Amino acid sequence: MTEFDYRGGELHAEDIAIAEIAEQIGTPFYCYSTAALTNRYNAFKDALASQDITICYAVKANSNQAVIKTFADLGAGADIVSGGEMRRALAAGVPADRIIFSGVGKTRDELAYALSENIHKINVESVPELKVLGELAVERGAEIGIRVNPDVDAKTHEKISTGKADNKFGIDIGHAREVFAQARAMPGIKPVSVAVHIGSQLTDLTPLRNAYRTVAELVTALRSDGHEIDSIDLGGGLGIRYKDETPPALTDYAKVVQETTGNLGCKLFVEPGRMLVGNAGILVTQVIYDKQGQSRRFVIVDAAMNDLVRPAMYEAYHAIEPVQETAAGASLTDADIVGPICETGDTFARGRALPALKTGDFLAFRSAGAYGAVMSSTYNSRLLVPEVLVKGNEYAVVRRRPSYDELLKQDQLANWQ
Ligand code: LLP
């Protein structure tokens with residue numbers, strides 16, 4: 001393993017000791033491994049190799065341009081959900097003809113920008129959006145995808161479930177044929193693709209199989225209605241291991257894709273995010289105080305919910321380990337790992353067995369490469385967390401820590417007359 005493992009009693013990212021980076025740039029920071037990113041991408045690509053499939057990395061999971069570029073250099077496209085993500089993907093070198101635009105609330109400006117950049121596909125999610133796109137595309141024309149909501153329960157956390165009838169996403173499956181017909185009747189619009197995405201951190205293939213079957217049936221029905229459907233966008237959603245989950249094997253996922261869509265002769269697109277980056281990153285922090293409270297032990301660290309919001313937002317589990325390997329036989333006691341922010345929600349974990357820790361000891365949060373840095377904020381006027389990319393025995397700061405001056409300059413005093 002060359003990704004994140006212990007060597008000589010110390011946690012390494014590839015060939016660099018985490019403690020060395022921490023001492024040089026300070027904490028907290030995110031650290032990503034190029035080998036891990038590359039290995040995940042290649043494993044997915046290899047599993048799907050027998051099918052005509054394009055991997056469009058879901059940039060929202062980790063939109064650092066150095067990360068996007070790592071995938072772009074391997075041939076990936078990008079799945080984007082905003083004008084900002086489009087700019088990042090293009091700046092990082094993703095060719096426009098490999099960019100797919102998803103999202104329920106694309107603005108007129110964002111749609112116009114996407115058309116002007118000639119991106120591969122816009123996946124429309126509502127009739128009002130279709131109308132705006134129809135107006136913009138009258139003259140230049142646009143081949144579009146329509147995202148459907150198949151009404152399947154993805155069996156994941158409710159906040160990241162997107163394919164149930166009561167979720168805001170997509171056109172409900174019962175109206176899909178009608179909306180495709182409406183789209184085709186618009187001058188300039190040609191609907192050629194069906195898109196679906198039912199949720200994130202999926203650990204069971206059954207809901208995906210059901211969704212893909214529904215989409216395949218729809219493609220057949222649409223073709224009988226006279227539409228020239230040439231592609232299917234299968235979305236993202238494959239889960240990863242944070243604790244003891246058993247995410248589906250990629251080869252089993254590939255079988256589901258083959259089984260459900262294999263005989264349609266469609267070009268396929270997938271939009272994985274978490275699966276490619278989640279376990280390719282850690283968040284490194286240091287202990288401020290190891291405090292014995294009235295009834296509980298609190299390890300107070302210098303990362304907080306503003307740097308990694310997943311535990312506070314989704315009750316998410318992240319493994320938390322000392323960067324210096326704990327000696328065999330060391331006594332462990334349960335501790336809550338908390339940040340310095342002034343609310344109880346700033347709790348990363350409760351009751352984790354940890355050795356005695358002292359101020360300055362480094363800890364690593366595992367599986368923090370997806371939906372970590374991208375969801376960070378400056379709450380409590382904390383500086384935005386930096387990001388580091390490791391490759392072999394080198395590292396690069398791919399987003400630096402801003403200065404307090406920069407933080408203060410973000411707002412201005414009102415100049416009342
Ligand atoms: N495609 C679409 C249309 C999406 O909405 C998403 C994720 C993806 C692809 C990528 O899904 P993935 O392969 O990463 O599961 N912040 C949450 C996750 C939100 C996912 C949003 N959509 C978390 O931290 O768990």
# chains A, B, ... in the order shown; residues from 1 in each chain; ligands from 1

call {"tool": "residues_near_ligand", "arguments": {"ligand": "ligand 1", "cutoff": "8 Å", "atoms": "only C-alpha atoms and all ligand atoms", "output": "short mmCIF file (atom, residue, chain, number, x, y, z; two decimals) with all heavy atoms, in the first residue's frame"}}
result
data_model
loop_
_atom_site.label_atom_id
_atom_site.label_comp_id
_atom_site.auth_asym_id
_atom_site.auth_seq_id
_atom_site.Cartn_x
_atom_site.Cartn_y
_atom_site.Cartn_z
N TYR A 57 -16.23 12.64 -13.52
CA TYR A 57 -16.00 12.80 -12.08
C TYR A 57 -16.93 13.89 -11.52
O TYR A 57 -16.98 15.01 -12.05
CB TYR A 57 -14.53 13.17 -11.86
CG TYR A 57 -14.23 13.70 -10.48
CD1 TYR A 57 -14.53 12.95 -9.35
CD2 TYR A 57 -13.65 14.96 -10.31
CE1 TYR A 57 -14.27 13.45 -8.08
CE2 TYR A 57 -13.38 15.47 -9.05
CZ TYR A 57 -13.70 14.71 -7.94
OH TYR A 57 -13.45 15.21 -6.69
N ALA A 58 -17.67 13.56 -10.45
CA ALA A 58 -18.57 14.54 -9.83
C ALA A 58 -17.74 15.50 -8.99
O ALA A 58 -17.37 15.22 -7.85
CB ALA A 58 -19.62 13.83 -8.96
N LYS A 60 -18.26 18.04 -7.37
CA LYS A 60 -18.72 18.55 -6.07
C LYS A 60 -18.07 17.82 -4.89
O LYS A 60 -17.95 18.36 -3.82
CB LYS A 60 -20.24 18.46 -5.96
CG LYS A 60 -20.76 17.03 -5.96
CD LYS A 60 -22.21 16.97 -5.59
CE LYS A 60 -23.12 17.33 -6.75
NZ LYS A 60 -23.07 16.33 -7.88
N ALA A 61 -17.64 16.57 -5.11
CA ALA A 61 -17.07 15.80 -4.00
C ALA A 61 -15.75 16.39 -3.53
O ALA A 61 -15.44 16.37 -2.33
CB ALA A 61 -16.88 14.34 -4.42
N ASP A 79 -18.71 15.94 -14.00
CA ASP A 79 -20.12 16.23 -13.74
C ASP A 79 -20.12 17.47 -12.87
O ASP A 79 -19.50 17.47 -11.80
CB ASP A 79 -20.77 15.04 -13.01
CG ASP A 79 -22.10 15.40 -12.38
OD1 ASP A 79 -22.97 15.88 -13.12
OD2 ASP A 79 -22.26 15.22 -11.16
N VAL A 81 -22.32 21.08 -11.25
CA VAL A 81 -23.66 21.51 -10.84
C VAL A 81 -23.79 23.02 -10.70
O VAL A 81 -24.79 23.50 -10.17
CB VAL A 81 -24.07 20.87 -9.49
CG1 VAL A 81 -24.31 19.38 -9.65
CG2 VAL A 81 -23.05 21.13 -8.42
N SER A 102 -25.53 18.92 -14.23
CA SER A 102 -26.71 18.43 -13.51
C SER A 102 -27.17 19.50 -12.51
O SER A 102 -26.44 20.44 -12.24
CB SER A 102 -26.37 17.18 -12.69
OG SER A 102 -25.66 16.24 -13.43
N GLY A 103 -28.33 19.30 -11.93
CA GLY A 103 -28.78 20.19 -10.85
C GLY A 103 -30.18 20.73 -11.06
O GLY A 103 -30.57 21.02 -12.19
N LYS A 159 -30.76 12.76 4.02
CA LYS A 159 -30.30 14.03 3.45
C LYS A 159 -29.56 13.85 2.13
O LYS A 159 -29.29 14.83 1.44
CB LYS A 159 -29.39 14.75 4.44
CG LYS A 159 -30.14 15.37 5.60
CD LYS A 159 -29.24 16.27 6.42
CE LYS A 159 -29.96 16.70 7.68
NZ LYS A 159 -29.04 17.20 8.70
N ILE A 160 -29.16 12.63 1.80
CA ILE A 160 -28.43 12.43 0.55
C ILE A 160 -29.13 11.44 -0.37
O ILE A 160 -28.55 10.84 -1.25
CB ILE A 160 -26.95 12.04 0.80
CG1 ILE A 160 -26.83 10.83 1.73
CG2 ILE A 160 -26.19 13.21 1.38
CD1 ILE A 160 -25.39 10.34 1.92
N THR A 162 -31.93 10.94 -3.29
CA THR A 162 -32.42 11.87 -4.31
C THR A 162 -33.41 11.26 -5.28
O THR A 162 -33.89 11.94 -6.19
CB THR A 162 -31.23 12.42 -5.14
OG1 THR A 162 -30.50 11.30 -5.66
CG2 THR A 162 -30.31 13.28 -4.32
N VAL A 196 -30.18 9.63 -14.54
CA VAL A 196 -30.75 9.24 -13.25
C VAL A 196 -29.64 9.31 -12.20
O VAL A 196 -28.47 9.09 -12.50
CB VAL A 196 -31.37 7.81 -13.35
CG1 VAL A 196 -30.29 6.73 -13.46
CG2 VAL A 196 -32.28 7.51 -12.18
N HIS A 197 -30.01 9.66 -10.99
CA HIS A 197 -29.06 9.63 -9.86
C HIS A 197 -29.92 9.53 -8.61
O HIS A 197 -30.69 10.43 -8.33
CB HIS A 197 -28.18 10.89 -9.81
CG HIS A 197 -27.35 10.98 -8.57
ND1 HIS A 197 -26.18 10.27 -8.40
CD2 HIS A 197 -27.54 11.65 -7.41
CE1 HIS A 197 -25.70 10.52 -7.19
NE2 HIS A 197 -26.50 11.36 -6.57
N GLY A 199 -29.01 8.81 -5.29
CA GLY A 199 -28.51 9.14 -3.96
C GLY A 199 -27.04 8.79 -3.83
O GLY A 199 -26.43 8.29 -4.77
N SER A 200 -26.52 9.06 -2.65
CA SER A 200 -25.08 8.93 -2.43
C SER A 200 -24.81 7.96 -1.29
O SER A 200 -25.69 7.68 -0.48
CB SER A 200 -24.55 10.32 -2.09
OG SER A 200 -23.16 10.38 -2.17
N GLN A 201 -23.56 7.46 -1.24
CA GLN A 201 -23.15 6.48 -0.22
C GLN A 201 -24.09 5.26 -0.23
O GLN A 201 -24.60 4.81 0.79
CB GLN A 201 -23.06 7.16 1.17
CG GLN A 201 -22.55 6.29 2.34
CD GLN A 201 -21.20 5.60 2.07
OE1 GLN A 201 -20.47 5.97 1.15
NE2 GLN A 201 -20.86 4.60 2.83
N LEU A 202 -24.30 4.73 -1.44
CA LEU A 202 -25.14 3.53 -1.59
C LEU A 202 -24.28 2.30 -1.36
O LEU A 202 -23.20 2.17 -1.93
CB LEU A 202 -25.76 3.46 -3.00
CG LEU A 202 -26.44 4.73 -3.51
CD1 LEU A 202 -27.09 4.47 -4.87
CD2 LEU A 202 -27.49 5.22 -2.53
N GLY A 235 -25.54 8.38 -13.34
CA GLY A 235 -25.33 9.07 -12.07
C GLY A 235 -24.16 8.51 -11.29
O GLY A 235 -23.34 7.74 -11.81
N GLY A 236 -24.09 8.90 -10.03
CA GLY A 236 -23.01 8.42 -9.15
C GLY A 236 -23.62 7.65 -8.01
O GLY A 236 -24.64 6.99 -8.18
N GLY A 237 -23.00 7.72 -6.85
CA GLY A 237 -23.64 7.19 -5.66
C GLY A 237 -22.99 6.01 -4.98
O GLY A 237 -23.38 5.66 -3.86
N LEU A 238 -22.02 5.36 -5.65
CA LEU A 238 -21.45 4.18 -5.00
C LEU A 238 -20.78 4.54 -3.68
O LEU A 238 -20.02 5.51 -3.59
CB LEU A 238 -20.42 3.52 -5.93
CG LEU A 238 -21.00 2.74 -7.10
CD1 LEU A 238 -19.88 2.14 -7.94
CD2 LEU A 238 -21.94 1.63 -6.60
N GLY A 239 -21.08 3.76 -2.66
CA GLY A 239 -20.57 4.05 -1.32
C GLY A 239 -19.14 3.59 -1.12
O GLY A 239 -18.57 2.86 -1.94
N VAL A 270 -21.16 7.77 -16.34
CA VAL A 270 -21.31 7.63 -14.88
C VAL A 270 -20.71 8.86 -14.23
O VAL A 270 -19.80 9.49 -14.77
CB VAL A 270 -20.61 6.37 -14.31
CG1 VAL A 270 -21.49 5.15 -14.41
CG2 VAL A 270 -19.26 6.14 -14.96
N GLU A 271 -21.20 9.17 -13.05
CA GLU A 271 -20.78 10.40 -12.35
C GLU A 271 -20.33 10.09 -10.92
O GLU A 271 -20.93 10.58 -9.97
CB GLU A 271 -21.96 11.38 -12.28
CG GLU A 271 -22.61 11.72 -13.59
CD GLU A 271 -23.93 12.48 -13.40
OE1 GLU A 271 -24.47 12.53 -12.28
OE2 GLU A 271 -24.41 13.03 -14.39
N PRO A 272 -19.28 9.31 -10.75
CA PRO A 272 -18.86 8.99 -9.38
C PRO A 272 -18.13 10.16 -8.73
O PRO A 272 -17.36 10.87 -9.39
CB PRO A 272 -17.90 7.82 -9.58
CG PRO A 272 -17.33 8.04 -10.94
CD PRO A 272 -18.40 8.70 -11.76
N GLY A 273 -18.39 10.37 -7.46
CA GLY A 273 -17.67 11.40 -6.71
C GLY A 273 -16.94 10.75 -5.54
O GLY A 273 -15.76 10.42 -5.61
N ARG A 274 -17.71 10.48 -4.50
CA ARG A 274 -17.16 9.92 -3.25
C ARG A 274 -16.24 8.72 -3.49
O ARG A 274 -15.18 8.60 -2.90
CB ARG A 274 -18.33 9.50 -2.37
CG ARG A 274 -17.93 9.07 -0.99
CD ARG A 274 -19.09 8.44 -0.23
NE ARG A 274 -20.33 9.14 -0.36
CZ ARG A 274 -20.81 10.03 0.50
NH1 ARG A 274 -20.12 10.34 1.57
NH2 ARG A 274 -21.98 10.60 0.29
N MET A 275 -16.71 7.83 -4.39
CA MET A 275 -15.99 6.59 -4.61
C MET A 275 -14.55 6.85 -5.09
O MET A 275 -13.64 6.08 -4.80
CB MET A 275 -16.77 5.85 -5.70
CG MET A 275 -16.68 4.40 -5.69
SD MET A 275 -15.52 3.86 -6.80
CE MET A 275 -15.88 4.57 -8.33
N LEU A 276 -14.36 7.94 -5.84
CA LEU A 276 -13.02 8.23 -6.39
C LEU A 276 -12.13 8.97 -5.40
O LEU A 276 -10.91 8.86 -5.47
CB LEU A 276 -13.13 9.06 -7.67
CG LEU A 276 -13.82 8.38 -8.87
CD1 LEU A 276 -13.87 9.33 -10.06
CD2 LEU A 276 -13.10 7.10 -9.26
N VAL A 309 -17.83 19.08 8.05
CA VAL A 309 -19.17 19.22 8.63
C VAL A 309 -19.95 17.90 8.64
O VAL A 309 -21.01 17.81 9.23
CB VAL A 309 -19.94 20.35 7.88
CG1 VAL A 309 -20.46 19.87 6.52
CG2 VAL A 309 -21.09 20.90 8.73
N ARG A 310 -19.40 16.88 7.99
CA ARG A 310 -20.18 15.64 7.80
C ARG A 310 -20.68 15.02 9.11
O ARG A 310 -21.84 14.60 9.18
CB ARG A 310 -19.39 14.62 6.98
CG ARG A 310 -18.96 15.13 5.59
CD ARG A 310 -18.46 14.03 4.67
NE ARG A 310 -19.54 13.14 4.30
CZ ARG A 310 -19.72 11.96 4.81
NH1 ARG A 310 -18.87 11.47 5.68
NH2 ARG A 310 -20.76 11.23 4.44
N TYR A 314 -24.59 14.89 9.03
CA TYR A 314 -25.20 13.60 8.66
C TYR A 314 -24.92 12.52 9.70
O TYR A 314 -25.03 11.32 9.38
CB TYR A 314 -24.63 13.09 7.33
CG TYR A 314 -24.51 14.09 6.22
CD1 TYR A 314 -23.26 14.54 5.81
CD2 TYR A 314 -25.64 14.56 5.55
CE1 TYR A 314 -23.13 15.44 4.76
CE2 TYR A 314 -25.51 15.46 4.51
CZ TYR A 314 -24.26 15.90 4.12
OH TYR A 314 -24.12 16.79 3.09
N ALA A 316 -22.19 11.48 10.41
CA ALA A 316 -21.26 10.61 9.68
C ALA A 316 -20.12 10.14 10.58
O ALA A 316 -19.67 10.87 11.45
CB ALA A 316 -20.69 11.36 8.48
N ALA A 370 -13.77 13.18 0.32
CA ALA A 370 -15.00 13.57 -0.38
C ALA A 370 -15.88 14.38 0.56
O ALA A 370 -16.08 13.99 1.72
CB ALA A 370 -15.77 12.33 -0.85
N TYR A 371 -16.43 15.48 0.06
CA TYR A 371 -17.36 16.32 0.82
C TYR A 371 -16.74 16.80 2.13
O TYR A 371 -17.42 16.89 3.15
CB TYR A 371 -18.70 15.57 1.04
CG TYR A 371 -19.28 15.05 -0.26
CD1 TYR A 371 -19.32 13.69 -0.56
CD2 TYR A 371 -19.75 15.96 -1.22
CE1 TYR A 371 -19.82 13.22 -1.77
CE2 TYR A 371 -20.26 15.50 -2.43
CZ TYR A 371 -20.29 14.14 -2.69
OH TYR A 371 -20.78 13.68 -3.90
N GLY A 372 -15.43 17.03 2.10
CA GLY A 372 -14.72 17.56 3.25
C GLY A 372 -14.42 19.03 3.00
O GLY A 372 -15.21 19.91 3.35
N MET A 375 -17.02 21.46 1.61
CA MET A 375 -18.14 21.91 2.45
C MET A 375 -17.65 22.79 3.61
O MET A 375 -18.40 23.06 4.55
CB MET A 375 -18.92 20.69 2.97
CG MET A 375 -19.62 19.92 1.86
SD MET A 375 -20.53 18.48 2.45
CE MET A 375 -22.02 19.23 3.08
#

call {"tool": "residues_around", "arguments": {"residues": "Leu383 in chain A", "least_positions_apart": "4", "cutoff": "10 Å", "atoms": "only C-alpha atoms", "output": "VMD selection string"}}
result
chain A and resid 28 306 to 307 376 to 379 401 to 404 406 to 407

call {"tool": "select_by_dssp", "arguments": {"residues": "range 32-261 of chain A", "states": "helix (DSSP H, G or I)", "output": "PyMOL selection string"}}
result
chain A and resi 34-47+59-61+65-73+83-91+96-98+108-116+127-137+158-160+173-184+205-224+250-261

call {"tool": "write_last_selection", "arguments": {"atoms": "C-alpha atoms", "output": "compact mmCIF listing (two decimals), in the first residue's frame"}}
result
# COMPACT_ATOMS: atom_id res chain seq x y z
CA THR A 34 -2.28 11.02 -6.00
CA ALA A 35 -1.71 7.25 -5.97
CA ALA A 36 -5.02 6.73 -4.19
CA LEU A 37 -6.89 8.95 -6.66
CA THR A 38 -5.28 7.22 -9.60
CA ASN A 39 -5.82 3.72 -8.24
CA ARG A 40 -9.53 4.34 -7.58
CA TYR A 41 -10.07 5.84 -11.01
CA ASN A 42 -8.25 3.04 -12.80
CA ALA A 43 -10.07 0.36 -10.78
CA PHE A 44 -13.41 1.83 -11.80
CA LYS A 45 -12.37 2.25 -15.41
CA ASP A 46 -11.08 -1.33 -15.58
CA ALA A 47 -14.27 -2.73 -14.03
CA VAL A 59 -16.56 17.63 -9.06
CA LYS A 60 -18.72 18.55 -6.07
CA ALA A 61 -17.07 15.80 -4.00
CA GLN A 65 -8.35 21.94 -9.39
CA ALA A 66 -5.30 19.77 -8.69
CA VAL A 67 -7.64 16.87 -7.94
CA ILE A 68 -9.79 17.52 -11.00
CA LYS A 69 -6.65 17.72 -13.13
CA THR A 70 -5.40 14.39 -11.78
CA PHE A 71 -8.58 12.79 -13.14
CA ALA A 72 -8.64 14.86 -16.33
CA ASP A 73 -5.10 13.64 -17.09
CA GLY A 83 -21.17 27.89 -13.10
CA GLY A 84 -18.39 27.85 -10.52
CA GLU A 85 -17.79 24.14 -10.95
CA MET A 86 -17.85 24.56 -14.73
CA ARG A 87 -15.13 27.20 -14.50
CA ARG A 88 -13.05 24.96 -12.22
CA ALA A 89 -13.42 21.93 -14.50
CA LEU A 90 -12.45 23.92 -17.60
CA ALA A 91 -9.54 25.61 -15.80
CA ALA A 96 -15.82 20.90 -22.62
CA ASP A 97 -17.12 17.97 -24.62
CA ARG A 98 -16.68 15.75 -21.56
CA ARG A 108 -30.57 31.25 -17.07
CA ASP A 109 -27.02 32.66 -16.89
CA GLU A 110 -25.54 29.27 -16.04
CA LEU A 111 -27.46 27.60 -18.88
CA ALA A 112 -26.32 30.29 -21.32
CA TYR A 113 -22.72 29.85 -20.14
CA ALA A 114 -22.96 26.07 -20.59
CA LEU A 115 -24.29 26.52 -24.14
CA SER A 116 -21.59 29.05 -24.98
CA VAL A 127 -40.36 21.81 -17.20
CA PRO A 128 -39.61 25.44 -16.26
CA GLU A 129 -35.89 24.76 -16.79
CA LEU A 130 -36.69 23.16 -20.15
CA LYS A 131 -38.53 26.31 -21.19
CA VAL A 132 -35.59 28.55 -20.33
CA LEU A 133 -33.19 26.27 -22.16
CA GLY A 134 -35.60 26.17 -25.13
CA GLU A 135 -35.51 29.97 -25.34
CA LEU A 136 -31.72 30.06 -25.16
CA ALA A 137 -31.23 27.29 -27.71
CA GLU A 158 -32.28 10.83 4.08
CA LYS A 159 -30.30 14.03 3.45
CA ILE A 160 -28.43 12.43 0.55
CA ILE A 173 -41.03 8.83 -14.06
CA GLY A 174 -44.79 8.88 -14.73
CA HIS A 175 -44.49 12.13 -16.69
CA ALA A 176 -41.20 11.42 -18.43
CA ARG A 177 -42.64 10.50 -21.86
CA GLU A 178 -44.81 13.57 -21.81
CA VAL A 179 -41.88 15.84 -21.01
CA PHE A 180 -39.68 14.22 -23.67
CA ALA A 181 -42.46 14.91 -26.19
CA GLN A 182 -42.72 18.49 -24.98
CA ALA A 183 -38.95 18.90 -25.36
CA ARG A 184 -38.90 17.49 -28.87
CA LEU A 205 -26.92 -2.51 -5.53
CA THR A 206 -30.62 -3.38 -5.50
CA PRO A 207 -31.95 0.20 -5.63
CA LEU A 208 -29.48 1.00 -8.42
CA ARG A 209 -30.54 -2.09 -10.36
CA ASN A 210 -34.18 -1.07 -9.99
CA ALA A 211 -33.47 2.49 -11.09
CA TYR A 212 -31.42 1.37 -14.11
CA ARG A 213 -34.14 -1.10 -15.12
CA THR A 214 -36.72 1.65 -14.96
CA VAL A 215 -34.51 3.87 -17.10
CA ALA A 216 -33.91 1.07 -19.62
CA GLU A 217 -37.67 0.51 -19.95
CA LEU A 218 -38.13 4.23 -20.45
CA VAL A 219 -35.49 4.29 -23.21
CA THR A 220 -37.38 1.55 -25.04
CA ALA A 221 -40.67 3.40 -24.63
CA LEU A 222 -39.15 6.69 -25.78
CA ARG A 223 -37.70 5.04 -28.86
CA SER A 224 -41.12 3.65 -29.68
CA LEU A 250 -17.01 -2.59 -8.76
CA THR A 251 -17.27 -5.69 -10.88
CA ASP A 252 -20.74 -6.37 -9.42
CA TYR A 253 -21.74 -2.79 -10.22
CA ALA A 254 -20.45 -3.28 -13.77
CA LYS A 255 -22.61 -6.43 -14.03
CA VAL A 256 -25.70 -4.50 -12.98
CA VAL A 257 -24.97 -1.88 -15.64
CA GLN A 258 -24.45 -4.55 -18.29
CA GLU A 259 -27.54 -6.51 -17.23
CA THR A 260 -29.87 -3.52 -17.23
CA THR A 261 -28.63 -1.35 -20.08

call {"tool": "atom_distance", "arguments": {"atom1": "CA of Glu14 in chain A", "atom2": "CA of Gly93 in chain A"}}
result
25.1 Å

call {"tool": "atom_distance", "arguments": {"atom1": "CA of Ala364 in chain A", "atom2": "CA of Glu321 in chain A"}}
result
5.3 Å

call {"tool": "atom_distance", "arguments": {"atom1": "CA of His227 in chain A", "atom2": "CA of Pro187 in chain A"}}
result
14.8 Å

call {"tool": "residues_around", "arguments": {"residues": "Val388 in chain A", "least_positions_apart": "2", "cutoff": "9 Å", "atoms": "only C-alpha atoms", "output": "MDAnalysis selection string"}}
result
chainID A and resid 21 29:33 386 390 395:400

call {"tool": "write_last_selection", "arguments": {"atoms": "N, CA, C and O atoms", "output": "compact mmCIF listing (two decimals), in the first residue's frame"}}
result
# COMPACT_ATOMS: atom_id res chain seq x y z
N ILE A 21 4.70 17.04 7.08
CA ILE A 21 3.89 18.08 6.42
C ILE A 21 3.26 18.99 7.48
O ILE A 21 3.27 20.22 7.37
N PHE A 29 -5.22 20.61 8.08
CA PHE A 29 -5.15 20.61 6.62
C PHE A 29 -5.67 19.28 6.08
O PHE A 29 -5.65 18.26 6.79
N TYR A 30 -6.14 19.33 4.85
CA TYR A 30 -6.52 18.11 4.14
C TYR A 30 -5.32 17.61 3.37
O TYR A 30 -4.54 18.42 2.84
N CYS A 31 -5.18 16.30 3.29
CA CYS A 31 -4.07 15.72 2.55
C CYS A 31 -4.61 14.62 1.63
O CYS A 31 -5.31 13.72 2.10
N TYR A 32 -4.33 14.74 0.35
CA TYR A 32 -4.80 13.76 -0.63
C TYR A 32 -3.61 13.02 -1.24
O TYR A 32 -2.53 13.59 -1.38
N SER A 33 -3.86 11.78 -1.62
CA SER A 33 -2.80 10.97 -2.24
C SER A 33 -3.10 10.79 -3.73
O SER A 33 -4.15 10.28 -4.10
N PRO A 386 -6.56 24.56 4.50
CA PRO A 386 -5.77 24.32 3.28
C PRO A 386 -5.80 22.86 2.82
O PRO A 386 -6.23 21.97 3.57
N VAL A 390 -0.21 14.89 -2.26
CA VAL A 390 1.06 14.17 -2.18
C VAL A 390 1.23 13.33 -3.44
O VAL A 390 0.26 12.79 -3.98
N TYR A 395 5.21 16.79 -1.89
CA TYR A 395 3.85 17.28 -1.67
C TYR A 395 3.74 18.71 -2.19
O TYR A 395 4.72 19.43 -2.27
N ALA A 396 2.51 19.07 -2.55
CA ALA A 396 2.24 20.43 -3.02
C ALA A 396 1.06 20.97 -2.23
O ALA A 396 0.08 20.25 -2.01
N VAL A 397 1.16 22.22 -1.80
CA VAL A 397 0.01 22.88 -1.17
C VAL A 397 -0.88 23.34 -2.32
O VAL A 397 -0.50 24.22 -3.09
N VAL A 398 -2.03 22.69 -2.48
CA VAL A 398 -2.87 22.97 -3.65
C VAL A 398 -4.00 23.96 -3.31
O VAL A 398 -4.74 24.40 -4.19
N ARG A 399 -4.18 24.24 -2.04
CA ARG A 399 -4.92 25.43 -1.63
C ARG A 399 -4.26 25.92 -0.34
O ARG A 399 -4.21 25.17 0.63
N ARG A 400 -3.74 27.14 -0.39
CA ARG A 400 -2.98 27.57 0.79
C ARG A 400 -3.91 28.12 1.86
O ARG A 400 -5.05 28.49 1.57

call {"tool": "residues_around", "arguments": {"residues": "Arg7 in chain A", "least_positions_apart": "5", "cutoff": "12 Å", "atoms": "only C-alpha atoms", "output": "list in words"}}
result
Met1, Thr2, His12, Ala13, Glu14, Asp15, Ile16, Ala17, Ile18, Val323, Gln324 and Glu325 of chain A

call {"tool": "residues_around", "arguments": {"residues": "range 334-337 of chain A", "least_positions_apart": "6", "cutoff": "6 Å", "atoms": "only C-alpha atoms", "output": "JSON, numbers by chain"}}
result
{"A": [297, 298, 299, 348, 349, 350, 351, 352, 353]}

call {"tool": "select_by_dssp", "arguments": {"residues": "range 94-182 of chain A", "states": "strand (DSSP E)", "output": "list of chain:residue names"}}
result
A:Ile99, A:Ile100, A:Phe101, A:Lys121, A:Ile122, A:Asn123, A:Val124, A:Ala142, A:Glu143, A:Ile144, A:Gly145, A:Ile146, A:Arg147, A:Val148, A:Asn149, A:Ile171, A:Asp172

call {"tool": "closest_atom_pairs", "arguments": {"of": "range 72-166 of chain A", "to": "range 228-231 of chain A", "cutoff": "12 Å", "atoms": "only C-alpha atoms", "output": "tab-separated table"}}
result
residue	atom	partner	partner_atom	distance
A:His120	CA	A:Ser231	CA	11.6
A:Lys121	CA	A:Ser231	CA	10.5
A:Asn123	CA	A:Ser231	CA	11.7
A:Glu143	CA	A:Ile229	CA	10.3
A:Ile144	CA	A:Ile229	CA	10.1
A:Gly145	CA	A:Ser231	CA	8.4
A:Ile146	CA	A:Ile229	CA	10.8
